[in-house]
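S.K.: Pasting coords08.txt here (compact mmCIF, C-alpha atoms):
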# COMPACT_ATOMS: atom_id res chain seq x y z
CA VAL A 105 0.00 0.00 0.00
CA PRO A 106 1.84 3.14 -1.16
CA ILE A 107 1.94 6.16 1.16
CA ARG A 108 1.30 9.52 -0.47
CA SER A 109 4.50 11.56 -0.42
CA ASP A 110 2.77 14.64 0.98
CA PHE A 111 1.84 12.70 4.13
CA SER A 112 5.50 12.70 5.13
CA LEU A 113 5.65 16.44 4.56
CA MET A 114 2.58 17.03 6.71
CA VAL A 115 3.98 14.85 9.50
CA GLY A 116 7.23 16.81 9.28
CA ASP A 117 5.31 20.09 9.63
CA VAL A 118 3.56 18.82 12.75
CA CYS A 119 6.87 17.81 14.32
CA HIS A 120 8.54 21.08 13.38
CA ASN A 121 5.72 23.23 14.76
CA ALA A 122 5.53 21.27 18.02
CA ARG A 123 9.31 21.42 18.51
CA SER A 124 9.36 25.14 17.65
CA ALA A 125 6.72 25.86 20.31
CA LEU A 126 9.17 24.63 22.95
CA ASP A 127 12.02 26.71 21.54
CA HIS A 128 9.90 29.85 21.38
CA ALA A 129 8.73 29.38 24.97
CA LEU A 130 12.32 29.05 26.17
CA TRP A 131 13.37 32.12 24.18
CA GLN A 132 10.56 34.15 25.74
CA LEU A 133 11.81 33.18 29.21
CA TRP A 134 15.24 34.50 28.28
CA LEU A 135 13.66 37.77 27.17
CA LYS A 136 11.92 38.22 30.50
CA LYS A 137 15.28 38.37 32.26
CA HIS A 138 17.35 39.73 29.36
CA PRO A 139 15.10 42.03 27.24
CA SER A 140 17.86 42.71 24.70
CA PHE A 141 18.74 39.04 24.23
CA ASP A 142 19.20 38.19 20.54
CA GLY A 143 20.89 34.81 20.68
CA LYS A 144 19.80 31.35 19.63
CA VAL A 145 18.52 28.88 22.17
CA THR A 146 16.84 25.51 21.89
CA PHE A 147 14.68 23.84 24.48
CA PRO A 148 16.97 21.01 25.63
CA ILE A 149 15.67 17.44 25.38
CA PHE A 150 18.00 14.79 26.79
CA ASP A 151 17.56 11.14 27.65
CA THR A 152 20.12 11.27 30.44
CA SER A 153 21.55 13.78 32.85
CA ASP A 154 25.07 12.43 32.49
CA ALA A 155 26.04 9.99 29.75
CA GLY A 156 29.11 9.02 31.76
CA ASP A 157 31.71 10.40 29.36
CA GLY A 158 31.99 13.86 30.91
CA ARG A 159 30.69 15.52 27.74
CA HIS A 160 27.17 14.40 26.93
CA GLY A 161 23.85 14.65 28.68
CA PHE A 162 21.75 17.46 30.10
CA LYS A 163 24.33 18.28 32.75
CA PHE A 164 26.96 19.18 30.14
CA GLU A 165 25.11 20.18 26.98
CA ALA A 166 22.07 22.10 28.21
CA THR A 167 23.91 24.85 30.09
CA ARG A 168 24.26 27.27 27.20
CA HIS A 169 20.55 27.06 26.47
CA ILE A 170 19.30 27.69 30.00
CA LYS A 171 22.04 29.70 31.71
CA GLY A 172 20.07 32.91 31.12
CA LEU A 173 17.11 31.65 33.12
CA THR A 174 16.56 31.96 36.82
CA GLU A 175 17.71 29.05 38.94
CA PRO A 176 14.13 27.85 39.62
CA GLN A 177 13.45 28.00 35.86
CA GLN A 178 16.54 25.94 35.14
CA THR A 179 15.39 23.39 37.69
CA LEU A 180 11.96 23.33 36.04
CA VAL A 181 13.44 22.67 32.60
CA GLU A 182 15.50 19.79 33.96
CA SER A 183 12.47 18.32 35.75
CA LEU A 184 10.71 18.12 32.36
CA GLN A 185 13.43 16.01 30.76
CA PRO A 186 12.45 12.49 29.58
CA TYR A 187 14.84 10.86 32.06
CA ASN A 188 12.86 12.51 34.88
CA THR A 189 9.31 12.23 33.54
CA ARG A 190 9.78 8.68 32.18
CA ASN A 191 7.81 9.87 29.15
CA LYS A 192 9.64 9.29 25.87
CA ALA A 193 7.33 11.53 23.81
CA LEU A 194 9.72 14.51 23.83
CA SER A 195 12.61 12.25 22.82
CA VAL A 196 10.54 10.95 19.91
CA LEU A 197 9.65 14.51 18.88
CA ARG A 198 13.29 15.56 19.02
CA ASP A 199 14.44 12.67 16.84
CA LEU A 200 11.65 13.04 14.30
CA ASN A 201 12.26 16.77 13.98
CA ASN A 202 16.01 16.28 13.62
CA SER A 203 15.41 13.68 10.92
CA ASP A 204 12.99 15.98 9.08
CA LYS A 205 15.70 18.65 8.84
CA HIS A 206 17.78 16.43 6.58
CA ARG A 207 15.36 14.13 4.80
CA VAL A 208 11.69 13.36 4.39
CA ILE A 209 10.31 11.38 7.32
CA GLN A 210 9.85 7.78 6.21
CA LEU A 211 6.43 6.18 6.65
CA PHE A 212 4.99 2.79 5.73
CA ALA A 213 1.57 1.19 5.87
CA ILE A 214 0.71 -1.40 8.48
CA THR A 215 -2.42 -3.37 9.32
CA ALA A 216 -4.31 -1.94 12.25
CA LYS A 217 -7.13 -4.40 12.87
CA SER A 218 -9.91 -6.30 11.16
CA GLU A 219 -13.07 -4.23 11.12
CA ILE A 220 -15.25 -6.99 9.66
CA PHE A 221 -14.40 -10.68 9.23
CA GLU A 222 -17.33 -12.95 8.37
CA ILE A 223 -17.21 -16.49 7.01
CA GLN A 224 -20.10 -18.25 5.29
CA THR A 225 -20.24 -21.48 3.29
CA ILE A 226 -22.33 -21.97 0.17
CA LYS A 227 -23.86 -25.20 1.50
CA GLY A 228 -24.82 -23.54 4.75
CA GLN A 229 -22.71 -25.65 7.12
CA PRO A 230 -22.38 -24.00 10.53
CA THR A 231 -19.05 -22.20 10.81
CA VAL A 232 -19.12 -20.86 14.36
CA GLY A 233 -16.18 -22.30 16.23
CA ARG A 234 -15.30 -24.65 13.37
CA ILE A 235 -13.19 -22.44 11.10
CA LYS A 236 -10.15 -21.04 12.82
CA TYR A 237 -8.59 -17.86 11.52
CA ARG A 238 -5.70 -15.59 12.42
CA ILE A 239 -5.65 -11.91 11.52
CA ALA A 240 -2.31 -10.28 10.84
CA GLU A 241 -2.02 -7.16 12.99
CA ARG A 242 0.73 -4.53 12.89
CA VAL A 243 2.53 -6.02 9.91
CA GLU A 244 3.85 -4.04 6.97
CA VAL A 245 1.53 -4.09 3.98
CA LYS A 246 3.16 -4.72 0.61
CA ASP A 247 2.66 -6.98 -2.38
CA GLY A 248 2.18 -10.53 -1.17
CA THR A 249 1.44 -9.67 2.49
CA ILE A 250 -0.84 -12.27 4.11
CA LEU A 251 -3.62 -10.43 5.94
CA ALA A 252 -5.42 -13.50 7.31
CA GLU A 253 -5.03 -17.28 7.47
CA LEU A 254 -7.95 -19.73 7.72
CA GLU A 255 -7.92 -23.34 8.93
CA PHE A 256 -10.84 -25.56 7.84
CA PRO A 257 -12.04 -28.86 9.37
CA PRO A 258 -11.75 -31.99 7.17
CA ASP A 259 -15.46 -32.08 6.24
CA PHE A 260 -15.13 -28.66 4.57
CA VAL A 261 -12.81 -30.01 1.88
CA GLY A 262 -14.30 -29.10 -1.49
CA SER A 263 -16.82 -26.69 -0.02
CA LYS A 264 -17.17 -23.17 -1.32
CA VAL A 265 -16.62 -20.49 1.30
CA ASN A 266 -17.43 -16.80 1.17
CA VAL A 267 -15.26 -14.50 3.26
CA ASN A 268 -16.41 -10.94 3.84
CA ALA A 269 -13.48 -9.01 5.23
CA GLU A 270 -12.71 -5.34 5.76
CA PHE A 271 -9.41 -4.22 7.20
CA LEU A 272 -8.25 -0.92 8.62
CA PHE A 273 -4.78 0.28 7.78
CA THR A 274 -2.63 2.92 9.38
CA MET A 275 0.85 4.38 9.02
CA ALA A 276 4.00 3.80 11.04
CA PHE A 277 7.41 5.42 11.17
CA ARG A 278 10.44 3.78 9.62
CA GLY A 279 14.09 4.36 10.43
CA SER A 280 13.72 6.57 13.52
CA LYS A 281 15.76 5.56 16.55
CA THR A 282 12.94 6.22 19.00
CA ALA A 283 9.86 6.01 16.76
CA ASN A 284 10.61 3.08 14.47
CA SER A 285 7.41 1.07 13.77
CA LEU A 286 5.32 3.28 16.06
CA ASN A 287 1.84 4.26 14.90
CA VAL A 288 1.95 7.75 13.35
CA ASP A 289 -1.28 9.26 14.64
CA THR A 290 -1.01 8.07 18.25
CA THR A 291 2.68 8.98 18.36
CA LEU A 292 2.02 12.53 17.14
CA GLN A 293 -0.84 12.89 19.60
CA GLY A 294 1.54 11.85 22.39
CA CYS A 295 4.18 14.35 21.23
CA ILE A 296 1.67 17.21 21.09
CA ALA A 297 0.32 16.30 24.53
CA ALA A 298 3.86 16.32 25.95
CA VAL A 299 4.54 19.76 24.46
CA HIS A 300 1.26 21.06 25.84
CA SER A 301 2.23 19.76 29.28
CA VAL A 302 5.57 21.60 29.13
CA LEU A 303 3.91 24.84 28.07
CA LEU A 304 1.46 24.56 30.96
CA GLN A 305 4.42 24.25 33.32
CA PHE A 306 5.82 27.48 31.86
CA GLU A 307 2.47 29.27 32.13
CA GLY A 308 3.23 30.55 35.62
CA GLU A 309 6.43 32.15 34.42
CA PHE A 310 4.65 34.12 31.71
CA LEU A 311 1.99 35.20 34.19
CA GLY A 312 4.65 36.37 36.61
CA ILE A 313 4.17 33.48 39.06
CA SER A 314 7.44 32.13 40.44
CA THR A 315 8.27 28.45 39.99
CA GLU A 316 9.77 28.39 43.48
CA LYS A 317 7.75 26.37 45.94
CA VAL A 318 6.26 28.38 48.78
The structure in this file should be written as structure tokens.
M.R.:
Amino acid sequence: VPIRSDFSLMVGDVCHNARSALDHALWQLWLKKHPSFDGKVTFPIFDTSDAGDGRHGFKFEATRHIKGLTEPQQTLVESLQPYNTRNKALSVLRDLNNSDKHRVIQLFAITAKSEIFEIQTIKGQPTVGRIKYRIAERVEVKDGTILAELEFPPDFVGSKVNVNAEFLFTMAFRGSKTANSLNVDTTLQGCIAAVHSVLLQFEGEFLGISTEKV
């Protein structure tokens, strides 16, 4: 099942806009403390605080992006990192957006589930519980893909059987380190929800409410 090329472009736009919302929010926090700030900052997204090599991880690489924030704001940003929240959605968003900068995001079609699967024989033999079948779920759809397998009892040999089947298909990511084979729509929904959660955490800062606990 071919995937329309513009789907990848639309998915890339979603990822870019969601990632940019985080960057813009961080930049606005810089401006609150440094009104003349004109630098480039990116909302840091790291899977570890310290990768163990003394160079990588939030502890070493995020400093230049958050050093202009207040100490409570820096603590807030770190608390929102995937290694603290145990939510990989921001990591997935980061990787998809980074991939989209250099190439079109790769998608492929997979089976989602069987919407309708009915079996009837021409001679009217009862089929309930007698014909076993297996539906292929979450497999890549291409020429020759087996969507379902049926197993008939011996007395059905030579019988004519009608199968009424309707399948739903969806798209999955290919080639992404954190999103490979994940369902596109649910993954994007998770990424957007994670971004929304971060922005809600920043809401107090934009309203002039300190992040320090009272």
S.K.: Contacts of segment 237-242 of chain A at 10 Å or less, counting all atoms listed in the file, minus same-chain residues fewer than 4 places along, as a ChimeraX atom specification?
M.R.: /A:213-218,221,223,233,249-256,271-276,285-287
S.K.: Can you tell me which residues surround Phe162 of chain A at a distance of at most 9 Å, considering only C-alpha atoms, apart from same-chain residues fewer than 5 positions away, and format the answer as number ranges by chain?
M.R.: A: 148-155, 167, 182, 185
S.K.: Hey, which of A:Val208, A:Ala283, A:Ala122, A:Ala269 ends up closest to Ala297 of chain A? Count only C-alpha atoms.
M.R.: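 Nearest candidate to Ala297 of chain A out of A:Val208, A:Ala283, A:Ala122, A:Ala269: A:Ala122.
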S.K.: For segment 169-177 of chain A, please output as an mmCIF file with C-alpha atoms, in the frame of the given file all residues within 9 Å (counting all atoms listed in the file; exclusion window: fewer than 4 positions along the same chain).
M.R.:
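The new file result.cif reads:
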data_model
loop_
_atom_site.group_PDB
_atom_site.id
_atom_site.type_symbol
_atom_site.label_atom_id
_atom_site.label_comp_id
_atom_site.auth_asym_id
_atom_site.auth_seq_id
_atom_site.Cartn_x
_atom_site.Cartn_y
_atom_site.Cartn_z
ATOM 1 C CA LEU A 130 12.320 29.050 26.170
ATOM 2 C CA LEU A 133 11.810 33.180 29.210
ATOM 3 C CA TRP A 134 15.240 34.500 28.280
ATOM 4 C CA LEU A 135 13.660 37.770 27.170
ATOM 5 C CA LYS A 136 11.920 38.220 30.500
ATOM 6 C CA LYS A 137 15.280 38.370 32.260
ATOM 7 C CA HIS A 138 17.350 39.730 29.360
ATOM 8 C CA LYS A 144 19.800 31.350 19.630
ATOM 9 C CA VAL A 145 18.520 28.880 22.170
ATOM 10 C CA THR A 146 16.840 25.510 21.890
ATOM 11 C CA PHE A 147 14.680 23.840 24.480
ATOM 12 C CA PRO A 148 16.970 21.010 25.630
ATOM 13 C CA GLU A 165 25.110 20.180 26.980
ATOM 14 C CA VAL A 181 13.440 22.670 32.600
ATOM 15 C CA GLU A 182 15.500 19.790 33.960
ATOM 16 C CA PHE A 306 5.820 27.480 31.860
ATOM 17 C CA GLU A 309 6.430 32.150 34.420
ATOM 18 C CA SER A 314 7.440 32.130 40.440
ATOM 19 C CA THR A 315 8.270 28.450 39.990
ATOM 20 C CA GLU A 316 9.770 28.390 43.480
#
S.K.: Mind pulling up the distance from atom CA of Asn201 of chain A to atom CA of Ser124 of chain A?
M.R.: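 Interatomic distance here is 9.6 Å.
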S.K.: For atom CA of Gly116 of chain A and atom CA of Val243 of chain A, determine how far apart the two atoms are, in Å to one decimal place.
M.R.: 23.3 Å
S.K.: Determine, counting all atoms listed in the file, every residue of protein, DNA or RNA that lies within 12 Å of (10.0, 2.5, 16.1) in the file coordinates, then give the result as a ChimeraX atom specification.
M.R.: /A:192,196,199-200,210-212,275-288,291
S.K.: With C-alpha atoms kept, could you save the residues just selected as a short mmCIF file (atom, residue, chain, number, x, y, z; two decimals), keeping the file's coordinate frame?
M.R.:
data_model
loop_
_atom_site.label_atom_id
_atom_site.label_comp_id
_atom_site.auth_asym_id
_atom_site.auth_seq_id
_atom_site.Cartn_x
_atom_site.Cartn_y
_atom_site.Cartn_z
CA LYS A 192 9.64 9.29 25.87
CA VAL A 196 10.54 10.95 19.91
CA ASP A 199 14.44 12.67 16.84
CA LEU A 200 11.65 13.04 14.30
CA GLN A 210 9.85 7.78 6.21
CA LEU A 211 6.43 6.18 6.65
CA PHE A 212 4.99 2.79 5.73
CA MET A 275 0.85 4.38 9.02
CA ALA A 276 4.00 3.80 11.04
CA PHE A 277 7.41 5.42 11.17
CA ARG A 278 10.44 3.78 9.62
CA GLY A 279 14.09 4.36 10.43
CA SER A 280 13.72 6.57 13.52
CA LYS A 281 15.76 5.56 16.55
CA THR A 282 12.94 6.22 19.00
CA ALA A 283 9.86 6.01 16.76
CA ASN A 284 10.61 3.08 14.47
CA SER A 285 7.41 1.07 13.77
CA LEU A 286 5.32 3.28 16.06
CA ASN A 287 1.84 4.26 14.90
CA VAL A 288 1.95 7.75 13.35
CA THR A 291 2.68 8.98 18.36
#
S.K.: Between A:Val261, A:Leu303, A:Leu126, A:Ile107, which residue has the minimum interatomic distance to Arg198 of chain A, considering only C-alpha atoms?
M.R.: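 Among A:Val261, A:Leu303, A:Leu126, A:Ile107, it is A:Leu126 that comes nearest to Arg198 of chain A.
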S.K.: Counting all atoms listed in the file, which residue out of A:Arg159, A:Gly143, A:Glu244, A:Cys119 sits closest to Gly294 of chain A?
M.R.: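 Closest to Gly294 of chain A of all the choices is A:Cys119.
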S.K.: Work out how far atom CA of Ser112 of chain A is from atom CA of Cys295 of chain A, in Å to one decimal.
M.R.: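 Computing the Euclidean distance for atom CA of Cys295 of chain A and atom CA of Ser112 of chain A yields 16.2 Å.
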